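Comments concern the structure below.
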Amino acid sequence: MDTTLEQPARARLITAENQELPVPALLRYDSTDPLALSVDFPPEVSLDGQGVTWSFGRALLEEGLRGPAGGGDVHIWPCGRSTTVVEFHSPYGLALLQFDTPALREFLLRTYVVVGAGQEDIGEAVEQGLSALFGGV
């Protein structure tokens, strides 16, 4: 059975002027893509007025809750005991956000209830990814 988890989260966008702006976010996990999770941001907080979704490895979040982790477009690290920083890189710049660590940890634990660590059946995810990539050719 496919399961999707969603959990609202409060994030704080750190601006170039070192201001913290509240940003609504939605943490999302879909058991059909068991190795990944997503963070959705609503259109009103993006530069182009479009909703934005960032997807990255579930293992990256787990590692980033304990210490600096990531490479490429997403970097995660703890900042004190109660805050976790997530840095998203795109061709248009970067966004530095702070999340409450307990909320991220709770969400991560909920994903492991749905699909346990090491229990991921990636065969279906690979098949779906290849199908999307090649458009059913």
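By order in the structure tokens, chains are A, B, ...; within a chain, residues start at 1; ligands start at 1, following the order shown.
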
Select from region 6-135 of chain A everything DSSP, run on the backbone, classes as strand (DSSP E or B), then give the selection as a PyMOL selection string.
chain A and resi 6-14+20-30+36-41+52-57+69-71+74-79+83-90+93-100

Where does DSSP see alpha helix (DSSP H) in chain A, if you list the residues as number ranges by chain?
A: 58-66, 101-114, 122-134

I need the chosen residues saved as an mmCIF file, in the first residue's frame, with N, CA and C atoms.
```cif
data_model
loop_
_atom_site.group_PDB
_atom_site.id
_atom_site.type_symbol
_atom_site.label_atom_id
_atom_site.label_comp_id
_atom_site.auth_asym_id
_atom_site.auth_seq_id
_atom_site.Cartn_x
_atom_site.Cartn_y
_atom_site.Cartn_z
ATOM 1 N N ARG A 58 16.468 10.934 2.045
ATOM 2 C CA ARG A 58 16.074 10.798 3.447
ATOM 3 C C ARG A 58 17.313 10.618 4.320
ATOM 4 N N ALA A 59 18.302 9.901 3.795
ATOM 5 C CA ALA A 59 19.548 9.692 4.543
ATOM 6 C C ALA A 59 20.294 11.008 4.750
ATOM 7 N N LEU A 60 20.160 11.947 3.806
ATOM 8 C CA LEU A 60 20.808 13.246 3.952
ATOM 9 C C LEU A 60 20.232 13.996 5.147
ATOM 10 N N LEU A 61 18.917 13.965 5.301
ATOM 11 C CA LEU A 61 18.319 14.621 6.462
ATOM 12 C C LEU A 61 18.795 13.966 7.748
ATOM 13 N N GLU A 62 18.810 12.656 7.774
ATOM 14 C CA GLU A 62 19.261 11.956 8.984
ATOM 15 C C GLU A 62 20.694 12.340 9.334
ATOM 16 N N GLU A 63 21.560 12.346 8.343
ATOM 17 C CA GLU A 63 22.961 12.711 8.578
ATOM 18 C C GLU A 63 23.085 14.173 8.994
ATOM 19 N N GLY A 64 22.306 15.053 8.344
ATOM 20 C CA GLY A 64 22.373 16.474 8.630
ATOM 21 C C GLY A 64 21.845 16.856 10.004
ATOM 22 N N LEU A 65 21.014 16.023 10.592
ATOM 23 C CA LEU A 65 20.549 16.285 11.957
ATOM 24 C C LEU A 65 21.651 16.037 12.983
ATOM 25 N N ARG A 66 22.661 15.248 12.591
ATOM 26 C CA ARG A 66 23.766 14.914 13.506
ATOM 27 C C ARG A 66 25.015 15.754 13.276
ATOM 28 N N THR A 101 14.614 21.590 14.905
ATOM 29 C CA THR A 101 15.141 20.233 14.838
ATOM 30 C C THR A 101 14.132 19.194 15.310
ATOM 31 N N PRO A 102 13.417 19.416 16.424
ATOM 32 C CA PRO A 102 12.457 18.381 16.852
ATOM 33 C C PRO A 102 11.401 18.078 15.781
ATOM 34 N N ALA A 103 10.954 19.074 15.020
ATOM 35 C CA ALA A 103 9.961 18.833 13.977
ATOM 36 C C ALA A 103 10.552 17.978 12.854
ATOM 37 N N LEU A 104 11.787 18.275 12.454
ATOM 38 C CA LEU A 104 12.439 17.471 11.415
ATOM 39 C C LEU A 104 12.672 16.048 11.896
ATOM 40 N N ARG A 105 13.116 15.905 13.129
ATOM 41 C CA ARG A 105 13.375 14.578 13.693
ATOM 42 C C ARG A 105 12.076 13.766 13.774
ATOM 43 N N GLU A 106 11.001 14.402 14.217
ATOM 44 C CA GLU A 106 9.712 13.718 14.304
ATOM 45 C C GLU A 106 9.259 13.239 12.925
ATOM 46 N N PHE A 107 9.388 14.113 11.930
ATOM 47 C CA PHE A 107 9.001 13.740 10.577
ATOM 48 C C PHE A 107 9.843 12.569 10.070
ATOM 49 N N LEU A 108 11.145 12.632 10.280
ATOM 50 C CA LEU A 108 12.031 11.555 9.840
ATOM 51 C C LEU A 108 11.639 10.235 10.491
ATOM 52 N N LEU A 109 11.363 10.257 11.784
ATOM 53 C CA LEU A 109 10.953 9.034 12.480
ATOM 54 C C LEU A 109 9.644 8.491 11.918
ATOM 55 N N ARG A 110 8.726 9.376 11.574
ATOM 56 C CA ARG A 110 7.459 8.937 10.974
ATOM 57 C C ARG A 110 7.694 8.246 9.631
ATOM 58 N N THR A 111 8.691 8.727 8.857
ATOM 59 C CA THR A 111 8.967 8.081 7.565
ATOM 60 C C THR A 111 9.491 6.670 7.771
ATOM 61 N N TYR A 112 10.257 6.460 8.838
ATOM 62 C CA TYR A 112 10.802 5.130 9.100
ATOM 63 C C TYR A 112 9.740 4.161 9.607
ATOM 64 N N VAL A 113 8.639 4.689 10.133
ATOM 65 C CA VAL A 113 7.510 3.826 10.493
ATOM 66 C C VAL A 113 6.848 3.309 9.219
ATOM 67 N N VAL A 114 6.772 4.158 8.201
ATOM 68 C CA VAL A 114 6.161 3.769 6.929
ATOM 69 C C VAL A 114 7.059 2.796 6.175
ATOM 70 N N ILE A 122 13.683 -0.385 -3.821
ATOM 71 C CA ILE A 122 13.943 0.659 -4.810
ATOM 72 C C ILE A 122 13.628 0.208 -6.233
ATOM 73 N N GLY A 123 13.291 -1.048 -6.413
ATOM 74 C CA GLY A 123 12.969 -1.532 -7.752
ATOM 75 C C GLY A 123 11.852 -0.740 -8.395
ATOM 76 N N GLU A 124 10.763 -0.526 -7.655
ATOM 77 C CA GLU A 124 9.633 0.234 -8.186
ATOM 78 C C GLU A 124 10.028 1.683 -8.444
ATOM 79 N N ALA A 125 10.795 2.275 -7.534
ATOM 80 C CA ALA A 125 11.217 3.667 -7.708
ATOM 81 C C ALA A 125 12.109 3.807 -8.940
ATOM 82 N N VAL A 126 12.999 2.857 -9.161
ATOM 83 C CA VAL A 126 13.874 2.897 -10.336
ATOM 84 C C VAL A 126 13.042 2.771 -11.604
ATOM 85 N N GLU A 127 12.085 1.857 -11.579
ATOM 86 C CA GLU A 127 11.220 1.664 -12.740
ATOM 87 C C GLU A 127 10.419 2.932 -13.064
ATOM 88 N N GLN A 128 9.873 3.577 -12.027
ATOM 89 C CA GLN A 128 9.134 4.820 -12.239
ATOM 90 C C GLN A 128 10.040 5.925 -12.751
ATOM 91 N N GLY A 129 11.248 6.011 -12.207
ATOM 92 C CA GLY A 129 12.195 7.030 -12.649
ATOM 93 C C GLY A 129 12.609 6.839 -14.090
ATOM 94 N N LEU A 130 12.880 5.599 -14.472
ATOM 95 C CA LEU A 130 13.252 5.327 -15.861
ATOM 96 C C LEU A 130 12.091 5.604 -16.811
ATOM 97 N N SER A 131 10.895 5.250 -16.370
ATOM 98 C CA SER A 131 9.709 5.522 -17.185
ATOM 99 C C SER A 131 9.525 7.016 -17.396
ATOM 100 N N ALA A 132 9.714 7.797 -16.327
ATOM 101 C CA ALA A 132 9.584 9.255 -16.437
ATOM 102 C C ALA A 132 10.685 9.821 -17.329
ATOM 103 N N LEU A 133 11.886 9.288 -17.193
ATOM 104 C CA LEU A 133 13.024 9.782 -17.957
ATOM 105 C C LEU A 133 12.863 9.508 -19.453
ATOM 106 N N PHE A 134 12.408 8.302 -19.779
ATOM 107 C CA PHE A 134 12.306 7.927 -21.173
ATOM 108 C C PHE A 134 10.902 8.083 -21.742
#
```

Name all residues at most 10 Å from Asp30 (chain A) (count only C-alpha atoms; drop same-chain ones fewer than 6 positions away) and give them as a list of chain:residue names.
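Near neighbours after the sequence-gap exclusion: A:Asp2, A:Thr3, A:Thr4, A:Leu5, A:Glu6, A:Ala36, A:Leu37, A:Ser38, A:Thr111, A:Val114, A:Val115.
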
Next, dump the selected residues to file, keeping only C-alpha atoms, as a short mmCIF file (atom, residue, chain, number, x, y, z; two decimals), in the first residue's frame.
```cif
data_model
loop_
_atom_site.label_atom_id
_atom_site.label_comp_id
_atom_site.auth_asym_id
_atom_site.auth_seq_id
_atom_site.Cartn_x
_atom_site.Cartn_y
_atom_site.Cartn_z
CA ASP A 2 1.33 3.43 -0.96
CA THR A 3 1.50 5.94 1.86
CA THR A 4 2.15 9.65 1.77
CA LEU A 5 3.09 11.58 4.89
CA GLU A 6 2.75 15.32 5.14
CA ALA A 36 13.64 10.60 -0.81
CA LEU A 37 11.62 13.26 0.93
CA SER A 38 10.44 16.66 -0.19
CA THR A 111 8.97 8.08 7.56
CA VAL A 114 6.16 3.77 6.93
CA VAL A 115 9.32 2.30 5.34
#
```

Choose the residue, out of A:Ser46, A:Pro34, A:Cys79, A:Gln98, that has the smallest atom-to-atom separation from Leu13 (chain A); count only C-alpha atoms.
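Looking at the shortest contact to Leu13 (chain A), the residue is A:Gln98.
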
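For Glu44 (chain A), the residues within 10 Å (counting only C-alpha atoms, excluding itself and residues fewer than 6 positions away along the chain) are Val23, Pro24, Gln50, Gly51 and Val52 of chain A.
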
Keeping N, CA and C atoms, export the residues of the selection given above as a short mmCIF file (atom, residue, chain, number, x, y, z; two decimals), in the first residue's frame.
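Okay, part-v7.cif is ready:
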```cif
data_model
loop_
_atom_site.label_atom_id
_atom_site.label_comp_id
_atom_site.auth_asym_id
_atom_site.auth_seq_id
_atom_site.Cartn_x
_atom_site.Cartn_y
_atom_site.Cartn_z
N VAL A 23 8.56 31.39 7.01
CA VAL A 23 8.17 30.80 5.74
C VAL A 23 7.43 29.49 6.04
N PRO A 24 6.21 29.34 5.52
CA PRO A 24 5.53 28.06 5.70
C PRO A 24 6.15 27.01 4.78
N GLN A 50 5.65 30.93 -8.19
CA GLN A 50 5.32 29.52 -8.39
C GLN A 50 5.68 28.75 -7.12
N GLY A 51 4.91 27.72 -6.81
CA GLY A 51 5.28 26.85 -5.69
C GLY A 51 6.61 26.18 -5.99
N VAL A 52 7.37 25.90 -4.96
CA VAL A 52 8.69 25.30 -5.13
C VAL A 52 8.77 24.03 -4.30
#
```

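Residue nearest Phe41 (chain A) within the list A:Ala16, A:Ser90, A:Gly80, A:Ala11: A:Ala11 [criterion: smallest interatomic distance, only C-alpha atoms].
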
Residue with smallest distance to Asp100 (chain A) - pool A:Asp33, A:Gln19, A:Ala25, A:Gly71, counting only C-alpha atoms
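Going through A:Asp33, A:Gln19, A:Ala25, A:Gly71 one by one, the smallest distance to Asp100 (chain A) is for A:Ala25.
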
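The closest residue to Val85 (chain A), picked from A:Val39, A:Leu27, A:Gly49, A:Ile14 and counting only C-alpha atoms, is A:Ile14.
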
What is the distance, in Å and to one decimal place, between CA of Phe88 (chain A) and CA of Ala69 (chain A)?
12.5 Å

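Non-sequential neighbours of Pro68 (chain A) (distance at most 9 Å, separation of 5 or more positions within a chain, only C-alpha atoms) are Glu63, His75, Ile76, Trp77 and Pro78 of chain A.
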
Just checking: using only C-alpha atoms, which residue out of A:Asp40, A:Val45, A:Gly67, A:Trp54 ends up closest to Pro22 (chain A)?
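Looking only at the distances to Pro22 (chain A), the closest residue turns out to be A:Val45.
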